[in-house]
>>> print(open('query_4.txt').read())   # compact mmCIF, C-alpha atoms
# COMPACT_ATOMS: atom_id res chain seq x y z
CA MET A 316 112.83 61.66 86.17
CA LEU A 317 109.26 61.13 87.34
CA ASN A 318 109.64 57.54 86.18
CA ALA A 319 111.29 56.79 89.49
CA PRO A 320 108.67 54.99 91.64
CA GLU A 321 109.36 57.12 94.74
CA LEU A 322 108.81 60.30 92.75
CA VAL A 323 105.66 58.98 91.11
CA GLU A 324 104.27 58.15 94.53
CA LEU A 325 105.33 61.52 95.89
CA ASN A 326 103.81 63.27 92.88
CA ARG A 327 100.47 61.62 93.58
CA ALA A 328 100.64 62.90 97.18
CA ASN A 329 101.14 66.52 96.07
CA PRO A 330 99.03 68.43 98.62
CA VAL A 331 98.45 71.52 96.42
CA SER A 332 97.61 71.35 92.74
CA LEU A 333 98.17 74.30 90.44
CA ASP A 334 94.40 74.66 89.98
CA GLU A 335 93.91 74.79 93.72
CA ALA A 336 96.66 77.41 93.98
CA ARG A 337 94.93 79.52 91.33
CA ARG A 338 91.72 79.39 93.33
CA LEU A 339 93.53 80.21 96.56
CA ALA A 340 95.43 83.06 94.90
CA GLY A 341 92.07 84.74 94.32
CA GLU A 342 90.88 83.95 97.81
CA LEU A 343 94.04 85.40 99.34
CA GLY A 344 93.94 88.57 97.26
CA LEU A 345 96.90 87.39 95.18
CA ASP A 346 94.91 87.04 91.98
CA THR A 347 97.20 87.87 89.09
CA ARG A 348 94.37 89.86 87.51
CA LEU A 349 94.57 92.20 90.51
CA LEU A 350 98.35 92.28 90.44
CA ALA A 351 98.29 93.20 86.80
CA HIS A 352 95.69 95.90 87.30
CA ARG A 353 95.01 98.27 84.51
CA SER A 354 96.01 101.80 85.41
CA GLU A 355 99.38 103.46 85.14
CA PRO A 356 100.32 105.95 87.87
CA SER A 357 100.87 108.78 85.41
CA LYS A 358 97.73 108.08 83.43
CA PRO A 359 94.85 107.27 85.78
CA GLU A 360 91.82 106.16 83.86
CA ARG A 361 89.16 108.75 83.40
CA ARG A 362 85.55 107.76 83.40
CA ALA A 363 83.45 108.78 80.47
CA ARG A 364 81.60 112.05 81.05
CA PRO A 365 77.94 111.23 81.76
CA ARG A 366 75.30 112.82 79.60
CA THR A 367 73.42 115.85 80.87
CA LEU A 368 70.32 113.88 81.80
CA VAL A 369 72.39 111.46 83.81
CA TRP A 370 74.03 114.41 85.54
CA VAL A 371 70.65 115.87 86.46
CA LEU A 372 69.39 112.54 87.79
CA ALA A 373 72.60 112.00 89.72
CA ALA A 374 72.41 115.48 91.24
CA ALA A 375 68.78 114.90 92.25
CA ALA A 376 69.65 111.55 93.80
CA LEU A 377 72.57 113.10 95.66
CA LEU A 378 70.41 115.94 96.97
CA ALA A 379 67.78 113.47 98.13
CA ALA A 380 70.42 111.37 99.83
CA VAL A 381 71.85 114.39 101.64
CA VAL A 382 68.42 115.51 102.80
CA ILE A 383 67.32 112.05 103.90
CA ALA A 384 70.64 111.00 105.34
CA GLY A 385 71.67 114.34 106.78
CA PRO A 386 73.67 112.90 109.62
CA ALA A 387 75.58 110.72 107.22
CA TRP A 388 78.87 112.44 107.93
CA GLY A 389 80.72 111.25 104.85
CA LEU A 390 78.14 112.72 102.50
CA VAL A 391 78.05 116.07 104.28
CA ARG A 392 81.79 116.35 104.04
CA GLY A 393 81.90 115.20 100.45
CA ALA A 394 83.91 112.05 101.02
CA LEU A 395 85.66 110.64 97.98
CA PRO A 396 83.94 107.43 96.87
CA PHE A 397 86.79 105.00 97.44
CA TRP A 398 85.87 102.39 94.85
CA GLU A 399 85.68 105.01 92.13
CA GLN A 400 89.23 106.22 92.59
CA PRO A 401 91.99 105.09 90.19
CA ALA A 402 93.37 101.64 90.95
CA ALA A 403 97.03 101.26 91.81
CA PRO A 404 99.58 99.80 89.37
CA PRO A 405 101.33 96.55 90.31
CA SER A 406 104.42 98.31 91.63
CA VAL A 407 102.31 100.15 94.20
CA GLN A 408 100.25 97.06 95.01
CA LEU A 409 103.44 95.21 95.77
CA GLN A 410 104.48 97.85 98.25
CA PHE A 411 101.23 97.17 100.07
CA PHE A 412 101.91 93.44 99.85
CA SER A 413 105.25 94.15 101.47
CA LEU A 414 103.48 95.73 104.44
CA ASN A 415 102.01 92.28 105.07
CA ALA A 416 105.19 90.43 104.26
CA GLY A 417 107.37 92.72 106.36
CA ALA A 418 105.18 92.54 109.45
CA PRO A 419 106.28 90.37 112.38
CA ARG A 420 104.68 86.94 112.51
CA GLY A 421 101.00 87.22 113.44
CA MET A 422 101.04 91.01 113.08
CA SER A 423 100.22 91.32 109.39
CA PRO A 424 97.76 94.15 108.75
CA HIS A 425 96.27 92.05 105.93
CA ALA A 426 96.15 94.93 103.50
CA VAL A 427 94.13 93.99 100.42
CA ALA A 428 96.84 95.17 98.07
CA GLY A 429 94.88 94.37 94.94
CA GLU A 430 92.27 96.94 95.93
CA THR A 431 94.64 99.86 96.48
CA ARG A 432 93.34 103.20 95.22
CA GLU A 433 94.82 106.63 94.58
CA VAL A 434 92.96 109.08 96.80
CA GLY A 435 94.91 112.30 96.36
CA ARG A 436 98.10 114.15 95.57
CA PHE A 437 99.78 116.38 98.10
CA THR A 438 102.89 118.51 97.86
CA PHE A 439 105.18 118.47 100.83
CA GLY A 440 108.90 118.21 101.48
CA GLY A 441 109.58 119.65 98.03
CA SER A 442 107.78 116.84 96.16
CA THR A 443 104.31 116.04 95.02
CA ARG A 444 103.35 112.70 96.51
CA THR A 445 100.48 110.41 95.74
CA LEU A 446 98.44 109.04 98.59
CA TRP A 447 97.58 105.39 98.06
CA VAL A 448 95.13 103.65 100.36
CA ALA A 449 94.16 99.98 100.65
CA PRO A 450 91.46 98.44 102.83
CA ALA A 451 92.62 95.84 105.35
CA ARG A 452 90.91 92.59 106.23
CA ASN A 453 91.04 93.47 109.93
CA GLY A 454 88.63 96.35 109.33
CA GLY A 455 91.25 99.08 109.15
CA PHE A 456 93.27 100.34 106.22
CA CYS A 457 96.83 100.97 105.10
CA SER A 458 98.17 104.09 103.41
CA LEU A 459 101.39 105.04 101.67
CA TRP A 460 102.56 108.45 100.48
CA LEU A 461 104.69 107.78 97.43
CA PRO A 462 107.39 108.48 96.63
CA ALA A 463 109.16 108.29 99.98
CA GLY A 464 106.57 109.94 102.19
CA GLY A 465 106.04 107.10 104.64
CA GLY A 466 102.76 105.55 105.67
CA GLY A 467 101.38 102.74 107.76
CA CYS A 468 98.27 100.93 108.81
CA SER A 469 95.48 101.99 111.10
CA THR A 470 93.11 99.65 112.83
CA ALA A 471 89.41 100.30 113.07
CA GLY A 472 88.63 102.46 116.09
CA GLN A 473 91.98 104.26 116.11
CA PRO A 474 90.83 107.89 115.78
CA LEU A 475 94.11 109.55 114.80
CA SER A 476 97.42 108.39 113.42
CA THR A 477 100.24 110.74 112.44
CA GLY A 478 103.69 110.69 110.95
CA ALA A 479 106.30 113.41 110.58
CA LEU A 480 109.74 114.03 109.21
CA LEU A 481 111.80 115.69 111.94
CA ARG A 482 114.77 117.96 111.39
CA LEU A 483 116.63 119.02 114.53
CA GLY A 484 113.70 117.61 116.46
CA MET A 485 111.13 119.75 114.66
CA PRO A 486 108.61 118.49 112.11
CA THR A 487 109.22 119.64 108.55
CA TRP A 488 106.09 117.91 107.41
CA VAL A 489 103.22 116.18 109.16
CA THR A 490 100.98 113.54 107.62
CA GLY A 491 98.16 111.61 109.15
CA ASP A 492 94.76 110.05 109.03
CA ALA A 493 91.67 110.39 111.17
CA THR A 494 88.79 107.96 111.20
CA SER A 495 85.25 108.96 110.41
CA PRO A 496 82.81 109.54 112.04
CA ALA A 497 84.83 109.58 115.28
CA VAL A 498 86.80 112.61 114.13
CA GLY A 499 85.33 115.77 112.68
CA ASP A 500 88.33 118.08 112.66
CA VAL A 501 92.08 117.96 112.97
CA VAL A 502 94.16 120.77 114.42
CA ILE A 503 97.91 121.15 114.23
CA ARG A 504 99.28 123.07 117.22
CA LEU A 505 102.39 125.23 117.23
CA SER A 506 104.65 126.23 120.09
CA ASP A 507 103.57 129.88 119.95
CA GLY A 508 99.94 128.92 120.58
CA SER A 509 98.80 129.31 117.00
CA THR A 510 96.95 126.53 115.17
CA VAL A 511 96.57 125.23 111.64
CA HIS A 512 93.61 123.35 110.17
CA PRO A 513 95.09 121.12 107.47
CA ARG A 514 93.13 120.28 104.34
CA ILE A 515 91.57 116.87 104.93
CA VAL A 516 90.61 114.50 102.13
CA TRP A 517 87.79 112.34 103.45
CA VAL A 518 87.38 108.92 101.89
CA SER A 519 84.21 106.84 101.93
CA ALA A 520 83.69 103.27 103.11
CA PRO A 521 85.38 100.86 103.43
CA ILE A 522 88.10 103.31 104.46
CA ASP A 523 85.94 105.81 106.36
CA ALA A 524 88.80 108.15 107.17
CA GLY A 525 90.30 111.51 106.32
CA PHE A 526 93.89 112.10 105.26
CA PHE A 527 95.99 115.21 105.59
CA ALA A 528 99.51 116.42 104.92
CA TYR A 529 100.91 119.68 106.22
CA ASP A 530 104.06 121.06 104.64
CA VAL A 531 105.49 123.05 107.53
CA PRO A 532 106.75 126.47 106.33
CA ALA A 533 110.32 127.44 107.21
CA ALA A 534 108.98 130.13 109.54
CA GLN A 535 107.39 127.34 111.62
CA GLN A 536 110.57 125.32 111.89
CA THR A 537 112.38 127.55 114.38
CA SER A 538 113.14 127.00 118.03
CA ARG A 539 110.48 129.61 118.87
CA VAL A 540 107.76 128.52 116.44
CA HIS A 541 107.37 124.89 115.53
CA VAL A 542 104.78 122.15 115.43
CA THR A 543 104.24 120.54 118.81
CA ALA A 544 101.11 118.41 118.51
CA VAL A 545 98.19 117.22 116.43
CA ASP A 546 94.74 117.09 117.98
CA ALA A 547 91.61 115.38 116.69
CA TYR A 548 88.12 116.56 117.69
CA ASP A 549 84.75 114.99 117.26
CA ARG A 550 81.80 116.83 115.70
CA ASN A 551 80.86 118.27 119.08
CA GLY A 552 84.30 119.77 119.56
CA ARG A 553 85.43 117.22 122.12
CA LEU A 554 89.09 116.19 122.01
CA VAL A 555 89.31 112.54 121.01
CA ALA A 556 93.04 112.17 120.30
CA HIS A 557 96.19 114.15 121.07
CA GLN A 558 99.59 113.33 119.60
CA LEU A 559 102.70 115.17 120.74
CA PHE A 560 105.90 115.76 118.81
CA ARG A 561 109.27 115.92 120.60
CA MET B 985 108.27 106.51 80.12
CA ALA B 986 108.33 103.81 77.43
CA ASP B 987 110.81 101.86 79.56
CA GLY B 988 108.48 102.18 82.52
CA VAL B 989 105.51 100.93 80.51
CA ASP B 990 107.55 98.07 79.09
CA ARG B 991 108.77 97.20 82.57
CA GLU B 992 105.24 97.09 83.93
CA ALA B 993 104.11 95.00 80.97
CA ARG B 994 106.91 92.51 81.53
CA PHE B 995 106.09 92.39 85.22
CA ARG B 996 102.40 91.81 84.51
CA ARG B 997 103.29 88.96 82.17
CA MET B 998 105.39 87.42 84.91
CA CYS B 999 102.57 87.78 87.44
CA ASP B 1000 100.05 86.28 85.05
CA ALA B 1001 102.26 83.35 84.20
CA HIS B 1002 103.70 82.44 87.57
CA THR B 1003 101.75 83.74 90.58
CA ALA B 1004 99.78 80.50 91.02
CA ALA B 1005 102.88 78.35 90.63
CA VAL B 1006 104.79 80.36 93.22
CA LEU B 1007 101.81 80.25 95.56
CA ALA B 1008 101.56 76.48 95.08
CA TYR B 1009 105.28 76.21 95.83
CA ALA B 1010 104.81 78.17 99.05
CA LEU B 1011 101.62 76.35 100.08
CA ARG B 1012 103.42 73.02 99.78
CA ARG B 1013 105.94 74.23 102.32
CA THR B 1014 104.19 76.52 104.77
CA SER B 1015 100.82 77.72 106.09
CA ARG B 1016 98.29 79.49 103.93
CA GLU B 1017 98.83 82.88 105.59
CA ASP B 1018 102.59 82.67 105.40
CA ALA B 1019 102.35 81.46 101.80
CA ALA B 1020 100.59 84.68 100.81
CA ASP B 1021 103.40 86.66 102.39
CA VAL B 1022 106.00 84.56 100.61
CA VAL B 1023 104.34 85.27 97.27
CA ALA B 1024 104.14 88.98 98.05
CA GLU B 1025 107.76 89.18 99.07
CA THR B 1026 108.87 87.11 96.10
CA PHE B 1027 107.13 89.32 93.58
CA LEU B 1028 108.34 92.41 95.39
CA VAL B 1029 111.90 91.16 94.86
CA ALA B 1030 110.98 90.34 91.27
CA TRP B 1031 109.74 93.88 90.67
CA ARG B 1032 112.90 95.38 92.12
CA ARG B 1033 115.19 93.04 90.21
CA LEU B 1034 113.16 92.71 87.04
CA ASP B 1035 116.13 93.63 84.88
CA ASP B 1036 117.99 90.57 86.18
CA VAL B 1037 115.21 88.17 85.23
CA ASP B 1038 115.16 86.31 81.95
CA GLU B 1039 111.51 85.70 81.07
CA ARG B 1040 112.35 82.25 79.70
CA THR B 1041 113.77 81.08 83.02
CA ALA B 1042 111.64 83.24 85.28
CA LEU B 1043 109.92 80.41 87.14
CA PRO B 1044 113.04 78.72 88.57
CA TRP B 1045 114.32 82.20 89.42
CA LEU B 1046 111.09 82.97 91.29
CA TYR B 1047 111.24 79.61 93.08
CA ALA B 1048 114.79 80.41 94.18
CA VAL B 1049 113.65 83.75 95.60
CA ALA B 1050 110.63 82.13 97.26
CA ARG B 1051 112.89 79.50 98.79
CA ARG B 1052 115.13 82.16 100.32
CA VAL B 1053 112.09 84.06 101.62
CA LEU B 1054 110.72 80.84 103.15
CA LEU B 1055 114.02 79.97 104.78
CA SER B 1056 114.29 83.47 106.18
CA GLN B 1057 110.70 83.27 107.42
CA GLN B 1058 111.32 79.89 109.03
CA ARG B 1059 114.52 81.13 110.67
CA ALA B 1060 112.62 84.07 112.13
CA ALA B 1061 109.83 81.78 113.30
CA ARG B 1062 112.28 79.42 114.93
CA ARG B 1063 113.97 82.26 116.75
CA GLN B 1064 110.63 83.26 118.22
CA GLN B 1065 109.62 79.84 119.41
CA ALA B 1066 110.61 77.84 122.42
CA ILE B 1067 113.04 74.98 121.86
CA ALA B 1068 110.31 72.42 122.48
CA GLN B 1069 108.28 73.85 119.59
CA ARG B 1070 111.12 74.15 117.12
CA VAL B 1071 111.00 70.71 115.58
CA ALA B 1072 107.28 70.99 114.87
CA ALA B 1073 107.75 74.45 113.39
CA VAL B 1074 110.22 73.19 110.80
CA LEU B 1075 107.60 70.90 109.31
CA PRO B 1076 105.34 72.77 106.91
CA GLU B 1077 101.66 72.83 107.75
CA ALA B 1078 100.95 71.52 104.29
CA LEU B 1079 102.66 68.31 105.28
CA GLU B 1080 100.85 68.11 108.59
CA THR B 1081 97.43 68.30 107.01
CA PRO B 1082 97.95 66.51 103.73
CA SER B 1083 95.32 65.87 101.15
CA GLY B 1084 97.69 63.33 99.59
CA SER B 1085 98.91 60.03 100.94
CA PRO B 1086 99.84 60.29 104.64
CA ARG B 1087 102.33 57.45 104.29
CA VAL B 1088 104.50 59.08 101.68
CA LEU B 1089 104.17 62.51 103.30
CA ASP B 1090 105.20 61.05 106.66
CA ALA B 1091 108.25 59.57 104.99
CA LEU B 1092 109.01 62.90 103.33
CA ALA B 1093 108.64 64.81 106.59
CA ALA B 1094 111.19 62.51 108.22
CA LEU B 1095 113.91 63.60 105.77
CA SER B 1096 116.18 66.61 106.11
CA GLU B 1097 115.06 69.97 104.72
CA THR B 1098 117.55 69.70 101.87
CA GLU B 1099 116.39 66.21 100.93
CA ARG B 1100 112.76 67.26 101.04
CA GLU B 1101 113.41 70.27 98.84
CA VAL B 1102 115.30 68.22 96.26
CA LEU B 1103 112.46 65.70 96.07
CA MET B 1104 109.65 68.25 96.06
CA LEU B 1105 111.20 70.26 93.24
CA ALA B 1106 111.21 67.11 91.14
CA ALA B 1107 107.89 65.57 92.17
CA TRP B 1108 105.69 68.58 92.89
CA GLU B 1109 107.14 71.46 90.91
CA GLU B 1110 108.13 68.94 88.22
CA LEU B 1111 111.30 70.81 87.33
CA SER B 1112 114.07 69.44 85.16
CA SER B 1113 117.47 68.90 86.75
CA ALA B 1114 118.76 72.13 85.22
CA GLU B 1115 115.79 74.14 86.53
CA ALA B 1116 115.91 72.61 90.01
CA ALA B 1117 119.65 73.23 90.13
CA ARG B 1118 118.96 76.88 89.38
CA VAL B 1119 116.55 77.04 92.33
CA LEU B 1120 119.08 75.48 94.68
CA GLY B 1121 122.06 77.40 93.33
CA CYS B 1122 124.06 74.31 92.37
CA THR B 1123 125.05 72.54 89.18
CA ALA B 1124 122.70 70.14 87.44
CA THR B 1125 125.13 67.32 88.16
CA ALA B 1126 125.20 68.13 91.86
CA TYR B 1127 121.41 68.26 91.87
CA ARG B 1128 121.13 64.85 90.22
CA ILE B 1129 123.45 63.37 92.85
CA ARG B 1130 121.39 64.93 95.65
CA LEU B 1131 118.19 63.69 94.08
CA HIS B 1132 119.56 60.18 93.78
CA ARG B 1133 120.48 60.17 97.47
CA ALA B 1134 117.21 61.73 98.53
CA ARG B 1135 115.23 59.17 96.52
CA ARG B 1136 117.15 56.37 98.22
CA ARG B 1137 116.45 57.85 101.66
CA LEU B 1138 112.77 58.24 100.81
CA ARG B 1139 112.61 54.63 99.61
CA GLU B 1140 114.22 53.46 102.85
CA ARG B 1141 111.59 55.36 104.83
CA LEU B 1142 108.77 54.01 102.72
CA ASP B 1143 110.00 50.44 103.03
CA GLY B 1144 111.01 50.71 106.66
>>> encode(input="query_4.txt", output="structure tokens")
Amino acid sequence: MLNAPELVELNRANPVSLDEARRLAGELGLDTRLLAHRSEPSKPERRARPRTLVWVLAAAALLAAVVIAGPAWGLVRGALPFWEQPAAPPSVQLQFFSLNAGAPRGMSPHAVAGETREVGRFTFGGSTRTLWVAPARNGGFCSLWLPAGGGGCSTAGQPLSTGALLRLGMPTWVTGDATSPAVGDVVIRLSDGSTVHPRIVWVSAPIDAGFFAYDVPAAQQTSRVHVTAVDAYDRNGRLVAHQLFR
Amino acid sequence: MADGVDREARFRRMCDAHTAAVLAYALRRTSREDAADVVAETFLVAWRRLDDVDERTALPWLYAVARRVLLSQQRAARRQQAIAQRVAAVLPEALETPSGSPRVLDALAALSETEREVLMLAAWEELSSAEAARVLGCTATAYRIRLHRARRRLRERLDG
């Protein structure tokens, strides 16, 4: 069919060759090698155990780093090294791609789906969910709690972001992220004046944030006692973000 | 578990074989940023509907999905734009900043969306009539008729 002169001429004017598309696929984070990344969700790769000498050297280096870089908040809090966490399988990467694809025009968070990592497992709402996090080209990051735990994207400089599943207007679980070093602690407030400090998993650069999930006990899902807010404080105890429920 | 592993392996094969081609398809029809979203959405659909995809005819199937995603994206874009901007929005950026011959691309841009698609599937994606028909959801005979008409219209534009 390409014998037709119009089609031959049109073929010569093809603005994007397959080779150029391959190059651009890498540039756009759509490299098939990233899509077809290695790890399976149920079998994250384990790194080989270093020899004793390597352990000793690593411990010494870590100690020196902590001493020298004392104020380095991530180190003090034992942030998970993001790049060393298990990479996401294609199915998860595609869900991050869909965050870009599903965004309104011009509002894409530009999640780098091919660099999604597993940063923790949390049990809430009767299921154990994996927290997947991907850096975003706008300087923020995107996170998804899978299966079916929600998620979203945070921009750089947004100290606290929360999500919750409400039943009869009361949270049954609360998830969220807080950016480091702006936030040093997160407090969940209840209607009876009590507070909860959720376990926070801090993640190193390029994410620089902590993630938490609080499975609200049945006793805290009553009209008298229920979650009302999440507060974020800096290292000096100053309130930097306050998010209300209801 | 074995099914899951097999599914992932099949999906990886599809990604390896066709991501660049689908991206090229999208880049020929829209902007670079939107093209990345089209690819993402297309492969998301592919993952969800993997059981419906025959590996031997996966590429036309992916093009068909990408085409629907593009049309949906263009409809949404048109809804958001003022009437005065609509006509310009319909023309893909790839055609506005061509690396190929401006003359033939100008002639192509002057055709209807359907005519352009019929011609591009033949000349740029280099699909057979049966494959292109699969993308457009018509019979091979209907595609050949459309292609014949579109070629004639393109020739008129080139000569005119």
>>> residues_around(input="query_4.txt", residues="B:Arg1012", least_positions_apart="2", cutoff="7 Å", atoms="all atoms listed in the file", output="list in words")
Pro330 and Val331 of chain A; Ala1008, Tyr1009, Ala1010, Thr1014 and Ala1078 of chain B
>>> write_last_selection(input="query_4.txt", atoms="C-alpha atoms", output="mmCIF file, keeping the file's coordinate frame")
data_model
loop_
_atom_site.group_PDB
_atom_site.id
_atom_site.type_symbol
_atom_site.label_atom_id
_atom_site.label_comp_id
_atom_site.auth_asym_id
_atom_site.auth_seq_id
_atom_site.Cartn_x
_atom_site.Cartn_y
_atom_site.Cartn_z
ATOM 1 C CA PRO A 330 99.030 68.430 98.620
ATOM 2 C CA VAL A 331 98.450 71.520 96.420
ATOM 3 C CA ALA B 1008 101.560 76.480 95.080
ATOM 4 C CA TYR B 1009 105.280 76.210 95.830
ATOM 5 C CA ALA B 1010 104.810 78.170 99.050
ATOM 6 C CA THR B 1014 104.190 76.520 104.770
ATOM 7 C CA ALA B 1078 100.950 71.520 104.290
#
>>> closest_residue(input="query_4.txt", among="B:Ala1124, B:Ala1114, B:Leu1138, B:Ala1030", to="B:Arg1100", atoms="all atoms listed in the file")
B:Leu1138
>>> axis_aligned_box(input="query_4.txt", around="stretch 466-477 of chain A", padding_each_side="6 Å", output="lines of an AutoDock Vina configuration file")
center_x = 95.7
center_y = 105.2
center_z = 110.9
size_x = 26.1
size_y = 23.1
size_z = 22.4
>>> residues_near_point(input="query_4.txt", point="(82.1, 108.2, 103.6)", cutoff="6 Å", atoms="all atoms listed in the file", output="list in words")
Gly389, Ala394, Val518, Ser519, Ala520 and Asp523 of chain A
>>> residues_around(input="query_4.txt", residues="A:Gly441", least_positions_apart="3", cutoff="10 Å", atoms="all atoms listed in the file", output="PyMOL selection string")
chain A and resi 438+444+530
>>> write_last_selection(input="query_4.txt", atoms="C-alpha atoms", output="compact mmCIF listing (two decimals), keeping the file's coordinate frame")
# COMPACT_ATOMS: atom_id res chain seq x y z
CA THR A 438 102.89 118.51 97.86
CA ARG A 444 103.35 112.70 96.51
CA ASP A 530 104.06 121.06 104.64
>>> closest_residue(input="query_4.txt", among="A:Arg338, A:His512, A:His425, A:Arg436", to="A:Cys468", atoms="all atoms listed in the file")
A:His425
>>> closest_residue(input="query_4.txt", among="B:Val1049, B:Leu1034, B:Ala1107, B:Ala1117", to="chain A", atoms="only C-alpha atoms")
B:Ala1107
>>> residues_around(input="query_4.txt", residues="stretch 449-461 of chain A", least_positions_apart="4", cutoff="6 Å", atoms="all atoms listed in the file", output="list in words")
His425, Ala426, Val427, Glu430, Thr431, Arg444, Thr445, Gly465, Gly466, Gly467, Cys468, Ser469, Thr470 and Ala471 of chain A
>>> atom_distance(input="query_4.txt", atom1="atom CA of A:Ala533", atom2="atom CA of A:Trp488")
10.4 Å
>>> closest_residue(input="query_4.txt", among="B:Glu1039, B:Glu1115, B:Glu1110, B:Asp990", to="chain A", atoms="all atoms listed in the file")
B:Glu1110
>>> residues_around(input="query_4.txt", residues="A:Arg327", least_positions_apart="3", cutoff="12 Å", atoms="all atoms listed in the file", output="PDB file with C-alpha atoms, keeping the file's coordinate frame")
ATOM      1  CA  LEU A 317     109.260  61.130  87.340  1.00  0.00           C
ATOM      2  CA  PRO A 320     108.670  54.990  91.640  1.00  0.00           C
ATOM      3  CA  GLU A 321     109.360  57.120  94.740  1.00  0.00           C
ATOM      4  CA  LEU A 322     108.810  60.300  92.750  1.00  0.00           C
ATOM      5  CA  VAL A 323     105.660  58.980  91.110  1.00  0.00           C
ATOM      6  CA  GLU A 324     104.270  58.150  94.530  1.00  0.00           C
ATOM      7  CA  PRO A 330      99.030  68.430  98.620  1.00  0.00           C
ATOM      8  CA  VAL A 331      98.450  71.520  96.420  1.00  0.00           C
ATOM      9  CA  SER A 332      97.610  71.350  92.740  1.00  0.00           C
TER      10      SER A 332
ATOM     11  CA  PRO B1082      97.950  66.510 103.730  1.00  0.00           C
ATOM     12  CA  SER B1083      95.320  65.870 101.150  1.00  0.00           C
ATOM     13  CA  GLY B1084      97.690  63.330  99.590  1.00  0.00           C
ATOM     14  CA  SER B1085      98.910  60.030 100.940  1.00  0.00           C
ATOM     15  CA  PRO B1086      99.840  60.290 104.640  1.00  0.00           C
ATOM     16  CA  ARG B1087     102.330  57.450 104.290  1.00  0.00           C
ATOM     17  CA  VAL B1088     104.500  59.080 101.680  1.00  0.00           C
ATOM     18  CA  LEU B1089     104.170  62.510 103.300  1.00  0.00           C
ATOM     19  CA  MET B1104     109.650  68.250  96.060  1.00  0.00           C
ATOM     20  CA  ALA B1107     107.890  65.570  92.170  1.00  0.00           C
ATOM     21  CA  TRP B1108     105.690  68.580  92.890  1.00  0.00           C
ATOM     22  CA  GLU B1110     108.130  68.940  88.220  1.00  0.00           C
TER      23      GLU B1110
END
>>> atom_distance(input="query_4.txt", atom1="atom CA of A:Phe560", atom2="atom CA of A:Pro513")
16.6 Å
>>> residues_around(input="query_4.txt", residues="B:Val1006", least_positions_apart="3", cutoff="8 Å", atoms="all atoms listed in the file", output="list in words")
His1002, Thr1003, Tyr1009, Ala1010, Val1023, Leu1043, Leu1046, Tyr1047 and Ala1050 of chain B
>>> write_last_selection(input="query_4.txt", atoms="C-alpha atoms", output="PDB file, in the frame of the given file")
ATOM      1  CA  HIS B1002     103.700  82.440  87.570  1.00  0.00           C
ATOM      2  CA  THR B1003     101.750  83.740  90.580  1.00  0.00           C
ATOM      3  CA  TYR B1009     105.280  76.210  95.830  1.00  0.00           C
ATOM      4  CA  ALA B1010     104.810  78.170  99.050  1.00  0.00           C
ATOM      5  CA  VAL B1023     104.340  85.270  97.270  1.00  0.00           C
ATOM      6  CA  LEU B1043     109.920  80.410  87.140  1.00  0.00           C
ATOM      7  CA  LEU B1046     111.090  82.970  91.290  1.00  0.00           C
ATOM      8  CA  TYR B1047     111.240  79.610  93.080  1.00  0.00           C
ATOM      9  CA  ALA B1050     110.630  82.130  97.260  1.00  0.00           C
TER      10      ALA B1050
END
>>> residues_near_point(input="query_4.txt", point="(111.5, 91.7, 93.6)", cutoff="12 Å", atoms="all atoms listed in the file", output="number ranges by chain")
A: 405-406, 409-410, 412-413; B: 995, 998-999, 1022-1037, 1042, 1045-1046, 1048-1050, 1053
>>> atom_distance(input="query_4.txt", atom1="atom CA of B:Leu1142", atom2="atom CA of A:Ala328")
13.3 Å
>>> closest_residue(input="query_4.txt", among="B:Arg1139, B:Ala1019, B:Arg1133, B:Ala1091", to="chain A", atoms="only C-alpha atoms")
B:Arg1139
>>> closest_residue(input="query_4.txt", among="B:Ala1116, B:Leu1105, B:Arg1013, B:Ala1093", to="B:Leu1055", atoms="all atoms listed in the file")
B:Arg1013
